[in-house]
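Comments concern the structure below.
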Amino acid sequence: MRRYAILFLFLFLAAGIGIAQESKKPAPASVAVKAGKLLDVRTGNYAQDQIIWIEGDRIKAVGKSSDIERQLPAGTRVIDLSKSTVLPGLIDCHTHLTGSPYLLGPIGMHTSYPRDALIGARNARVTLEAGFTTVRNVGAGGYADMALRDAIIAGDVPGPRMLVSGPALSITGGHGDENFLAPQYHAIGDGVADGVPAVMAKTRENIKFGADVIKFMATGGVLSEGDNPAMAQYSPEEMKAIIDTAHELGRKVAAHAHGAAGIKYAVLAGVDSIEHGSYINDEDIQLMKQHGTYLVPTIWLGDWLMANYQQLGLTPNVVEKMKTVMPIARQNVAHALQSGVKVAFGTDAAVYPHGLNAHEFAVMVRLGLAPLASIQAATVNAADLLGWSDRVGTLEAGKFADLIAVDGDPIADVRTLETVRFVMKGGEVVKGQ
Ligand SMILES: [Zn+2]
């Protein structure tokens with residue numbers, strides 16, 4: 001008994017000290033970022049000679065240098081980007097930070113989930129240094145993505161803000177199952193669930209273990225064995241059960257979908273975004289416009305794969321599918337972009353090396369999106385899709401101080417975004433200076 005009394009006394013004192021320290025906390029650090037040119041991603045206008053005034057991890061004010069300068073408290077740290085163009089930190093809505101192109105195919109079956117998490121730690125840093133201060137990570141085994149997100153929040157490893165899905169839901173034998181091994185190995189993907197009660201349970205299970213977003217496979221995939229990307233996976237009823245369950249628990253839903261029928265079922269069931277969209281047709285486009293569904297195209301990966309697949313461990317079946325689907329996807333996605341469907345930026349990084357994410361901008365522009373629209377896809381639109389418009393996507397008072405700087409004019413040439421000189425996340429300089 002006595003020992004417990006002492007323990008309680010100790011805890012009480014420790015709590016008291018904690019409170020005392022809390023009240024003595026110094027005012028958050030004040031930082032002024034001088035921007036030579038500041039891109040307003042909503043309008044495409046450049047404002048000259050601006051200051052972004054940051055307190056702690058948030059933006060306090062943005063305006064003309066002469067106006068802001070006289071309000072700055074003594075001791076404000078000045079970061080001089082007066083020769084650069086500043087814009088909001090970029091957002092990638094489709095990453096797999098715990099994956100690597102060199103683990104695609106059967107070789108990946110040799111890698112443990114703890115190893116995945118550590119691969120993710122490296123990729124998180126590389127992605128952040130490339131200017132992507134927020135990612136939506138849509139699919140990881142063993143909840144390694146949640147471990148990574150939490151390690152970044154704790155400050156253990158550097159990385160972008162992450163919304164994570166955990167394992168993607170998939171039908172038995174579908175894109176999210178493990179179809180390569182012979183039956184005696186009894187291999188089943190983490191996210192496999194069939195039938196309405198089972199998909200509801202799996203959705204709730206992912207949320208129980210920390211999913212910020214739900215991902216499911218609405219069609220077959222390209223980099224998986226034995227399934228057809230053009231065909232729907234899951235019935236309309238199963239899709240509706242996944243989406244309704246997630247929405248009731250306050251989570252948005254992303255559907256991996258190549259084939260036109262799978263896209264249609266997912267959109268009608270109320271999905272928030274269609275990933276890839278390789279066989280998207282006019283009916284899908286019309287439905288997506290009606291429902292306000294985002295398309296998250298991932299096209300540059302095809303360029304990288306075609307140039308590099310021979311160095312990877314892909315099986316002949318997968319290589320065959322890749323060669324069939326990629327050129328078709330390019331045409332259909334171009335048509336969708338030109339038809340005015342809502343677009344958010346995504347890459348599927350892990351299919352190619354992390355950090356090259358910004359290569360997607362030039363492809364989007366080549367397929368018919370205006371340069372400003374491609375930048376909006378990775379800022380305001382992406383923030384809207386994530387449900388994070390109150391915290392990221394623009395440089396405005398009250399939002400996180402997540403910003404990047406490049407040389408030159410990203411609207412005249414989106415490839416400038418492939419070489420980011422300076423990165424700040426939450427008021428902390430990650431790269432540059
Ligand atoms: Zn993916």
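Chain labels follow the order of the structure tokens: the first chain is A, the next B, and so on; residue numbering restarts at 1 in every chain, and ligands are counted from 1 in their shown order.
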With only C-alpha atoms and all ligand atoms counted and 9 Å as the cut-off, give the residues of chain A in contact with ligand 1, each with its shortest interatomic distance in Å and the pair that gives it, as JSON lines.
```
{"residue": "A:His94", "atom": "CA", "partner": "ligand 1", "partner_atom_place_in_ligand_line": "1 (Zn)", "distance": 6.2}
{"residue": "A:Thr95", "atom": "CA", "partner": "ligand 1", "partner_atom_place_in_ligand_line": "1 (Zn)", "distance": 6.4}
{"residue": "A:His96", "atom": "CA", "partner": "ligand 1", "partner_atom_place_in_ligand_line": "1 (Zn)", "distance": 6.5}
{"residue": "A:Asn137", "atom": "CA", "partner": "ligand 1", "partner_atom_place_in_ligand_line": "1 (Zn)", "distance": 8.5}
{"residue": "A:Val138", "atom": "CA", "partner": "ligand 1", "partner_atom_place_in_ligand_line": "1 (Zn)", "distance": 6.3}
{"residue": "A:Gly139", "atom": "CA", "partner": "ligand 1", "partner_atom_place_in_ligand_line": "1 (Zn)", "distance": 6.8}
{"residue": "A:His256", "atom": "CA", "partner": "ligand 1", "partner_atom_place_in_ligand_line": "1 (Zn)", "distance": 7.2}
{"residue": "A:Glu275", "atom": "CA", "partner": "ligand 1", "partner_atom_place_in_ligand_line": "1 (Zn)", "distance": 7.7}
{"residue": "A:His276", "atom": "CA", "partner": "ligand 1", "partner_atom_place_in_ligand_line": "1 (Zn)", "distance": 8.3}
{"residue": "A:Thr298", "atom": "CA", "partner": "ligand 1", "partner_atom_place_in_ligand_line": "1 (Zn)", "distance": 8.5}
{"residue": "A:Thr347", "atom": "CA", "partner": "ligand 1", "partner_atom_place_in_ligand_line": "1 (Zn)", "distance": 7.9}
{"residue": "A:Asp348", "atom": "CA", "partner": "ligand 1", "partner_atom_place_in_ligand_line": "1 (Zn)", "distance": 4.6}
{"residue": "A:Ala349", "atom": "CA", "partner": "ligand 1", "partner_atom_place_in_ligand_line": "1 (Zn)", "distance": 7.6}
{"residue": "A:Ala350", "atom": "CA", "partner": "ligand 1", "partner_atom_place_in_ligand_line": "1 (Zn)", "distance": 8.0}
{"residue": "A:Val351", "atom": "CA", "partner": "ligand 1", "partner_atom_place_in_ligand_line": "1 (Zn)", "distance": 7.9}
```
Taking the chain letters and numbering used in this document, name the residues of region 301-404 of chain A that DSSP puts in helix (DSSP H, G or I), as JSON, numbers by chain.
{"A": [301, 302, 303, 304, 305, 306, 307, 308, 309, 310, 311, 316, 317, 318, 319, 320, 321, 322, 323, 324, 325, 326, 327, 328, 329, 330, 331, 332, 333, 334, 335, 336, 337, 338, 359, 360, 361, 362, 363, 364, 365, 366, 371, 372, 373, 374, 375, 376, 377, 380, 381, 382, 383, 384, 385, 386]}
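Near Gly427 (chain A), within a cut-off of 10 Å and counting only C-alpha atoms, sit the residues Ala29, Ser30, Val31, Ala32, Val33, Trp53, Ile54, Glu55, Gly56, Asp57, Arg58, Ile59, Phe400, Ala401, Asp402, Leu403, Val423, Met424, Lys425, Val429 and Val430 of chain A, with same-chain residues fewer than 2 positions away left out.
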Write the residues of the selection above to a file with all heavy atoms, as a short mmCIF file (atom, residue, chain, number, x, y, z; two decimals), in the first residue's frame.
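Written output follows (out05.cif):
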```
data_model
loop_
_atom_site.label_atom_id
_atom_site.label_comp_id
_atom_site.auth_asym_id
_atom_site.auth_seq_id
_atom_site.Cartn_x
_atom_site.Cartn_y
_atom_site.Cartn_z
N ALA A 29 8.52 30.74 -31.82
CA ALA A 29 9.53 31.45 -32.59
C ALA A 29 8.88 32.19 -33.75
O ALA A 29 7.97 31.68 -34.40
CB ALA A 29 10.56 30.47 -33.11
N SER A 30 9.34 33.40 -34.00
CA SER A 30 8.83 34.21 -35.10
C SER A 30 9.84 34.17 -36.25
O SER A 30 11.03 34.37 -36.05
CB SER A 30 8.63 35.65 -34.60
OG SER A 30 8.12 36.45 -35.61
N VAL A 31 9.34 33.85 -37.43
CA VAL A 31 10.19 33.74 -38.62
C VAL A 31 9.56 34.55 -39.74
O VAL A 31 8.33 34.52 -39.92
CB VAL A 31 10.33 32.26 -39.07
CG1 VAL A 31 11.15 32.15 -40.35
CG2 VAL A 31 10.94 31.40 -37.98
N ALA A 32 10.38 35.30 -40.47
CA ALA A 32 9.89 36.04 -41.65
C ALA A 32 10.57 35.49 -42.89
O ALA A 32 11.80 35.52 -43.00
CB ALA A 32 10.20 37.52 -41.49
N VAL A 33 9.78 34.95 -43.80
CA VAL A 33 10.33 34.46 -45.08
C VAL A 33 10.10 35.53 -46.12
O VAL A 33 8.95 35.90 -46.42
CB VAL A 33 9.65 33.14 -45.51
CG1 VAL A 33 10.12 32.71 -46.88
CG2 VAL A 33 9.90 32.03 -44.48
N TRP A 53 4.97 35.76 -42.68
CA TRP A 53 5.31 35.85 -41.26
C TRP A 53 4.78 34.61 -40.57
O TRP A 53 3.58 34.32 -40.63
CB TRP A 53 4.70 37.13 -40.68
CG TRP A 53 4.94 37.34 -39.21
CD1 TRP A 53 5.78 36.65 -38.39
CD2 TRP A 53 4.29 38.32 -38.39
NE1 TRP A 53 5.71 37.14 -37.12
CE2 TRP A 53 4.81 38.17 -37.08
CE3 TRP A 53 3.33 39.32 -38.64
CZ2 TRP A 53 4.39 38.96 -36.03
CZ3 TRP A 53 2.92 40.11 -37.58
CH2 TRP A 53 3.45 39.93 -36.29
N ILE A 54 5.71 33.89 -39.92
CA ILE A 54 5.37 32.59 -39.32
C ILE A 54 5.59 32.65 -37.81
O ILE A 54 6.60 33.18 -37.35
CB ILE A 54 6.26 31.50 -39.94
CG1 ILE A 54 5.94 31.36 -41.44
CG2 ILE A 54 6.08 30.16 -39.24
CD1 ILE A 54 7.10 30.89 -42.27
N GLU A 55 4.64 32.13 -37.06
CA GLU A 55 4.83 31.98 -35.62
C GLU A 55 4.61 30.52 -35.27
O GLU A 55 3.52 29.98 -35.52
CB GLU A 55 3.84 32.86 -34.85
CG GLU A 55 4.52 34.09 -34.28
CD GLU A 55 3.61 34.92 -33.41
OE1 GLU A 55 2.51 34.47 -33.04
OE2 GLU A 55 4.01 36.05 -33.10
N GLY A 56 5.65 29.89 -34.73
CA GLY A 56 5.57 28.45 -34.45
C GLY A 56 5.44 27.70 -35.76
O GLY A 56 6.23 27.90 -36.67
N ASP A 57 4.43 26.84 -35.87
CA ASP A 57 4.29 26.05 -37.10
C ASP A 57 3.25 26.63 -38.07
O ASP A 57 2.99 26.02 -39.11
CB ASP A 57 3.96 24.58 -36.77
CG ASP A 57 2.66 24.40 -36.00
OD1 ASP A 57 1.99 25.42 -35.68
OD2 ASP A 57 2.30 23.25 -35.71
N ARG A 58 2.69 27.78 -37.72
CA ARG A 58 1.60 28.35 -38.55
C ARG A 58 1.97 29.71 -39.15
O ARG A 58 2.79 30.44 -38.60
CB ARG A 58 0.35 28.55 -37.69
CG ARG A 58 -0.15 27.31 -36.99
CD ARG A 58 -1.21 26.60 -37.80
NE ARG A 58 -1.64 25.38 -37.12
CZ ARG A 58 -2.67 24.64 -37.51
NH1 ARG A 58 -3.38 24.98 -38.57
NH2 ARG A 58 -3.00 23.55 -36.86
N ILE A 59 1.28 30.04 -40.22
CA ILE A 59 1.44 31.35 -40.85
C ILE A 59 0.59 32.36 -40.07
O ILE A 59 -0.59 32.11 -39.80
CB ILE A 59 0.97 31.29 -42.32
CG1 ILE A 59 1.88 30.32 -43.11
CG2 ILE A 59 0.98 32.68 -42.95
CD1 ILE A 59 1.36 30.00 -44.50
N PHE A 400 -0.65 25.82 -41.92
CA PHE A 400 0.70 25.37 -41.61
C PHE A 400 1.70 26.11 -42.51
O PHE A 400 1.43 26.33 -43.70
CB PHE A 400 0.86 23.87 -41.83
CG PHE A 400 0.27 23.04 -40.73
CD1 PHE A 400 -0.68 22.06 -41.01
CD2 PHE A 400 0.67 23.21 -39.41
CE1 PHE A 400 -1.22 21.28 -40.00
CE2 PHE A 400 0.13 22.44 -38.39
CZ PHE A 400 -0.82 21.48 -38.69
N ALA A 401 2.84 26.45 -41.92
CA ALA A 401 3.91 27.10 -42.69
C ALA A 401 4.66 26.02 -43.46
O ALA A 401 5.77 25.64 -43.12
CB ALA A 401 4.83 27.86 -41.75
N ASP A 402 4.01 25.49 -44.49
CA ASP A 402 4.58 24.48 -45.39
C ASP A 402 4.81 25.18 -46.72
O ASP A 402 3.82 25.52 -47.41
CB ASP A 402 3.60 23.32 -45.61
CG ASP A 402 3.35 22.49 -44.36
OD1 ASP A 402 3.98 22.76 -43.32
OD2 ASP A 402 2.51 21.56 -44.43
N LEU A 403 6.05 25.41 -47.10
CA LEU A 403 6.28 26.13 -48.35
C LEU A 403 7.58 25.67 -49.01
O LEU A 403 8.45 25.09 -48.37
CB LEU A 403 6.28 27.64 -48.10
CG LEU A 403 7.24 28.20 -47.06
CD1 LEU A 403 8.53 28.63 -47.72
CD2 LEU A 403 6.58 29.39 -46.36
N VAL A 423 12.79 23.96 -48.81
CA VAL A 423 11.57 23.34 -48.29
C VAL A 423 11.43 23.70 -46.81
O VAL A 423 12.38 23.54 -46.03
CB VAL A 423 11.60 21.80 -48.43
CG1 VAL A 423 10.29 21.19 -47.90
CG2 VAL A 423 11.83 21.37 -49.87
N MET A 424 10.24 24.17 -46.44
CA MET A 424 9.91 24.39 -45.04
C MET A 424 8.64 23.62 -44.73
O MET A 424 7.68 23.64 -45.49
CB MET A 424 9.69 25.88 -44.78
CG MET A 424 9.17 26.19 -43.39
SD MET A 424 8.84 27.97 -43.16
CE MET A 424 10.46 28.51 -42.63
N LYS A 425 8.67 22.91 -43.59
CA LYS A 425 7.44 22.21 -43.13
C LYS A 425 7.15 22.64 -41.70
O LYS A 425 8.03 22.52 -40.83
CB LYS A 425 7.63 20.70 -43.20
CG LYS A 425 6.39 19.92 -42.75
CD LYS A 425 6.70 18.45 -42.53
CE LYS A 425 5.71 17.84 -41.56
NZ LYS A 425 6.27 16.66 -40.86
N VAL A 429 12.92 24.68 -41.38
CA VAL A 429 13.59 24.53 -42.67
C VAL A 429 14.08 23.09 -42.81
O VAL A 429 14.81 22.59 -41.96
CB VAL A 429 14.77 25.51 -42.79
CG1 VAL A 429 15.48 25.32 -44.13
CG2 VAL A 429 14.28 26.94 -42.65
N VAL A 430 13.66 22.45 -43.89
CA VAL A 430 14.01 21.06 -44.15
C VAL A 430 15.15 20.98 -45.16
O VAL A 430 15.98 20.09 -45.14
CB VAL A 430 12.78 20.31 -44.71
CG1 VAL A 430 13.14 18.92 -45.13
CG2 VAL A 430 11.63 20.32 -43.72
#
```
Could you give me, as a PyMOL selection string, the residues within 12 Å of Pro410 (chain A), counting only C-alpha atoms and dropping anything in the same chain fewer than 6 positions from it?
chain A and resi 37-41+44-46+84-87+358+361-362+365+370-376+404+416-420
Export of prior selection with N, CA, C and O atoms as an mmCIF file, in the first residue's frame:
```cif
data_model
loop_
_atom_site.group_PDB
_atom_site.id
_atom_site.type_symbol
_atom_site.label_atom_id
_atom_site.label_comp_id
_atom_site.auth_asym_id
_atom_site.auth_seq_id
_atom_site.Cartn_x
_atom_site.Cartn_y
_atom_site.Cartn_z
ATOM 1 N N LYS A 37 9.063 36.451 -55.323
ATOM 2 C CA LYS A 37 7.757 36.299 -55.997
ATOM 3 C C LYS A 37 6.985 35.240 -55.224
ATOM 4 O O LYS A 37 7.537 34.198 -54.853
ATOM 5 N N LEU A 38 5.709 35.506 -55.006
ATOM 6 C CA LEU A 38 4.864 34.559 -54.275
ATOM 7 C C LEU A 38 3.699 34.171 -55.177
ATOM 8 O O LEU A 38 2.955 35.038 -55.648
ATOM 9 N N LEU A 39 3.568 32.873 -55.456
ATOM 10 C CA LEU A 39 2.496 32.419 -56.352
ATOM 11 C C LEU A 39 1.203 32.203 -55.566
ATOM 12 O O LEU A 39 1.172 31.415 -54.618
ATOM 13 N N ASP A 40 0.152 32.917 -55.978
ATOM 14 C CA ASP A 40 -1.187 32.648 -55.451
ATOM 15 C C ASP A 40 -1.749 31.495 -56.285
ATOM 16 O O ASP A 40 -2.119 31.687 -57.452
ATOM 17 N N VAL A 41 -1.804 30.307 -55.691
ATOM 18 C CA VAL A 41 -2.181 29.121 -56.482
ATOM 19 C C VAL A 41 -3.666 29.119 -56.853
ATOM 20 O O VAL A 41 -4.075 28.373 -57.743
ATOM 21 N N GLY A 44 -3.214 32.139 -59.893
ATOM 22 C CA GLY A 44 -2.069 32.116 -60.805
ATOM 23 C C GLY A 44 -1.312 33.437 -60.837
ATOM 24 O O GLY A 44 -0.359 33.579 -61.598
ATOM 25 N N ASN A 45 -1.710 34.393 -59.996
ATOM 26 C CA ASN A 45 -1.006 35.691 -59.958
ATOM 27 C C ASN A 45 0.242 35.603 -59.088
ATOM 28 O O ASN A 45 0.245 34.904 -58.076
ATOM 29 N N TYR A 46 1.262 36.373 -59.491
ATOM 30 C CA TYR A 46 2.462 36.491 -58.676
ATOM 31 C C TYR A 46 2.417 37.816 -57.936
ATOM 32 O O TYR A 46 2.169 38.861 -58.544
ATOM 33 N N SER A 84 13.904 34.094 -55.266
ATOM 34 C CA SER A 84 13.191 32.858 -55.633
ATOM 35 C C SER A 84 11.690 33.067 -55.759
ATOM 36 O O SER A 84 11.165 34.102 -55.365
ATOM 37 N N THR A 85 11.051 32.040 -56.307
ATOM 38 C CA THR A 85 9.590 31.993 -56.363
ATOM 39 C C THR A 85 9.112 31.042 -55.273
ATOM 40 O O THR A 85 9.562 29.895 -55.202
ATOM 41 N N VAL A 86 8.210 31.537 -54.443
ATOM 42 C CA VAL A 86 7.721 30.738 -53.309
ATOM 43 C C VAL A 86 6.295 30.288 -53.595
ATOM 44 O O VAL A 86 5.483 31.053 -54.130
ATOM 45 N N LEU A 87 6.009 29.046 -53.266
ATOM 46 C CA LEU A 87 4.646 28.531 -53.393
ATOM 47 C C LEU A 87 4.362 27.539 -52.264
ATOM 48 O O LEU A 87 5.279 27.163 -51.537
ATOM 49 N N ALA A 358 7.610 15.034 -58.765
ATOM 50 C CA ALA A 358 7.240 16.243 -59.528
ATOM 51 C C ALA A 358 7.291 16.029 -61.041
ATOM 52 O O ALA A 358 6.824 16.886 -61.796
ATOM 53 N N PHE A 361 4.000 16.553 -63.131
ATOM 54 C CA PHE A 361 3.463 17.845 -63.608
ATOM 55 C C PHE A 361 3.573 17.977 -65.132
ATOM 56 O O PHE A 361 2.611 18.335 -65.803
ATOM 57 N N ALA A 362 4.776 17.711 -65.656
ATOM 58 C CA ALA A 362 5.004 17.903 -67.098
ATOM 59 C C ALA A 362 4.113 16.969 -67.917
ATOM 60 O O ALA A 362 3.644 17.346 -69.000
ATOM 61 N N VAL A 365 0.584 18.357 -68.051
ATOM 62 C CA VAL A 365 0.519 19.483 -68.996
ATOM 63 C C VAL A 365 0.548 18.956 -70.432
ATOM 64 O O VAL A 365 -0.210 19.411 -71.282
ATOM 65 N N ALA A 370 -3.794 22.784 -68.112
ATOM 66 C CA ALA A 370 -3.050 24.047 -68.056
ATOM 67 C C ALA A 370 -2.018 23.947 -66.930
ATOM 68 O O ALA A 370 -2.282 23.296 -65.922
ATOM 69 N N PRO A 371 -0.850 24.590 -67.079
ATOM 70 C CA PRO A 371 0.176 24.512 -66.019
ATOM 71 C C PRO A 371 -0.372 24.920 -64.643
ATOM 72 O O PRO A 371 -0.121 24.213 -63.653
ATOM 73 N N LEU A 372 -1.140 26.001 -64.574
ATOM 74 C CA LEU A 372 -1.703 26.412 -63.279
ATOM 75 C C LEU A 372 -2.613 25.316 -62.713
ATOM 76 O O LEU A 372 -2.583 25.025 -61.520
ATOM 77 N N ALA A 373 -3.408 24.691 -63.590
ATOM 78 C CA ALA A 373 -4.316 23.627 -63.129
ATOM 79 C C ALA A 373 -3.527 22.444 -62.563
ATOM 80 O O ALA A 373 -3.960 21.811 -61.592
ATOM 81 N N SER A 374 -2.370 22.154 -63.140
ATOM 82 C CA SER A 374 -1.562 21.042 -62.617
ATOM 83 C C SER A 374 -1.014 21.398 -61.229
ATOM 84 O O SER A 374 -0.938 20.530 -60.353
ATOM 85 N N ILE A 375 -0.663 22.681 -61.034
ATOM 86 C CA ILE A 375 -0.170 23.122 -59.711
ATOM 87 C C ILE A 375 -1.323 23.145 -58.705
ATOM 88 O O ILE A 375 -1.163 22.755 -57.545
ATOM 89 N N GLN A 376 -2.501 23.548 -59.160
ATOM 90 C CA GLN A 376 -3.680 23.505 -58.280
ATOM 91 C C GLN A 376 -3.997 22.063 -57.853
ATOM 92 O O GLN A 376 -4.410 21.813 -56.730
ATOM 93 N N ILE A 404 7.633 25.950 -50.317
ATOM 94 C CA ILE A 404 8.821 25.590 -51.097
ATOM 95 C C ILE A 404 9.246 26.795 -51.937
ATOM 96 O O ILE A 404 8.448 27.718 -52.143
ATOM 97 N N THR A 416 10.311 23.340 -63.510
ATOM 98 C CA THR A 416 11.069 23.978 -62.415
ATOM 99 C C THR A 416 10.732 23.293 -61.077
ATOM 100 O O THR A 416 11.551 23.296 -60.163
ATOM 101 N N LEU A 417 9.545 22.688 -60.990
ATOM 102 C CA LEU A 417 9.138 22.025 -59.735
ATOM 103 C C LEU A 417 9.905 20.720 -59.493
ATOM 104 O O LEU A 417 9.833 20.143 -58.412
ATOM 105 N N GLU A 418 10.635 20.269 -60.520
ATOM 106 C CA GLU A 418 11.449 19.059 -60.352
ATOM 107 C C GLU A 418 12.744 19.362 -59.580
ATOM 108 O O GLU A 418 13.439 18.450 -59.157
ATOM 109 N N THR A 419 13.068 20.666 -59.454
ATOM 110 C CA THR A 419 14.280 21.060 -58.720
ATOM 111 C C THR A 419 13.890 22.088 -57.671
ATOM 112 O O THR A 419 13.932 23.285 -57.914
ATOM 113 N N VAL A 420 13.480 21.602 -56.529
ATOM 114 C CA VAL A 420 13.045 22.478 -55.437
ATOM 115 C C VAL A 420 14.267 22.852 -54.606
ATOM 116 O O VAL A 420 15.020 21.989 -54.180
#
```
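Distance annotation: of A:Pro316, A:Gly141, A:Gly302, A:Pro353, the residue with the minimal separation from Glu225 (chain A) is A:Pro316; atom set is only C-alpha atoms.
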The distance between CA of Glu69 (chain A) and CA of Leu90 (chain A) is 27.0 Å
Could you please write out, as an MDAnalysis selection string, every residue of region 109-306 of chain A that DSSP assigns to strand (DSSP E or B)?
chainID A and resid 132:137 161:164 169:170 192 213:217 219 232 252:257 273:276 294:296
Measuring between only C-alpha atoms, which one of A:Ile52, A:Val363, A:Ala377, A:Leu169 shows the shortest distance to Val192 (chain A)?
A:Leu169
Skip Gln331 (chain A) itself and residues of its chain fewer than 3 positions away, then list as number ranges by chain all residues within 10 Å of it, counting only C-alpha atoms.
A: 278-280, 326-328, 334-336, 367
Selection above as a file: C-alpha atoms, as a PDB file, in the first residue's frame:
```
ATOM      1  CA  SER A 278      -6.830   4.022 -67.211  1.00  0.00           C
ATOM      2  CA  TYR A 279      -9.984   2.981 -69.100  1.00  0.00           C
ATOM      3  CA  ILE A 280     -12.109   5.989 -68.054  1.00  0.00           C
ATOM      4  CA  MET A 326       0.041   2.219 -70.253  1.00  0.00           C
ATOM      5  CA  PRO A 327      -0.538   3.621 -73.772  1.00  0.00           C
ATOM      6  CA  ILE A 328      -4.345   3.244 -73.440  1.00  0.00           C
ATOM      7  CA  ALA A 334      -5.831  12.937 -71.573  1.00  0.00           C
ATOM      8  CA  HIS A 335      -9.464  12.875 -72.665  1.00  0.00           C
ATOM      9  CA  ALA A 336     -10.663  13.056 -69.033  1.00  0.00           C
ATOM     10  CA  LEU A 367      -1.873  15.571 -71.748  1.00  0.00           C
TER      11      LEU A 367
END
```
Using only C-alpha atoms, pick whichever of A:Lys64, A:Arg42, A:Arg161, A:Arg149 has the shortest atom-to-atom distance to Arg391 (chain A).
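Closest to Arg391 (chain A), using only C-alpha atoms: A:Arg161.
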12 Å contact set for Leu287 (chain A), only C-alpha atoms, chain neighbours under 2 positions out, as a PyMOL selection string
chain A and resi 260-261+263-271+274+280-285+289-295+336+341-342
Using only C-alpha atoms, can you tell me which of A:Thr324, A:Thr172, A:Gln48, A:Thr98 comes closest to Asp145 (chain A)?
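Using only C-alpha atoms, Asp145 (chain A) sits closest to A:Thr98.
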Just to confirm, what's the straight-line distance from CA of Gly355 (chain A) to CA of Thr219 (chain A) in Å (one decimal)?
27.5 Å
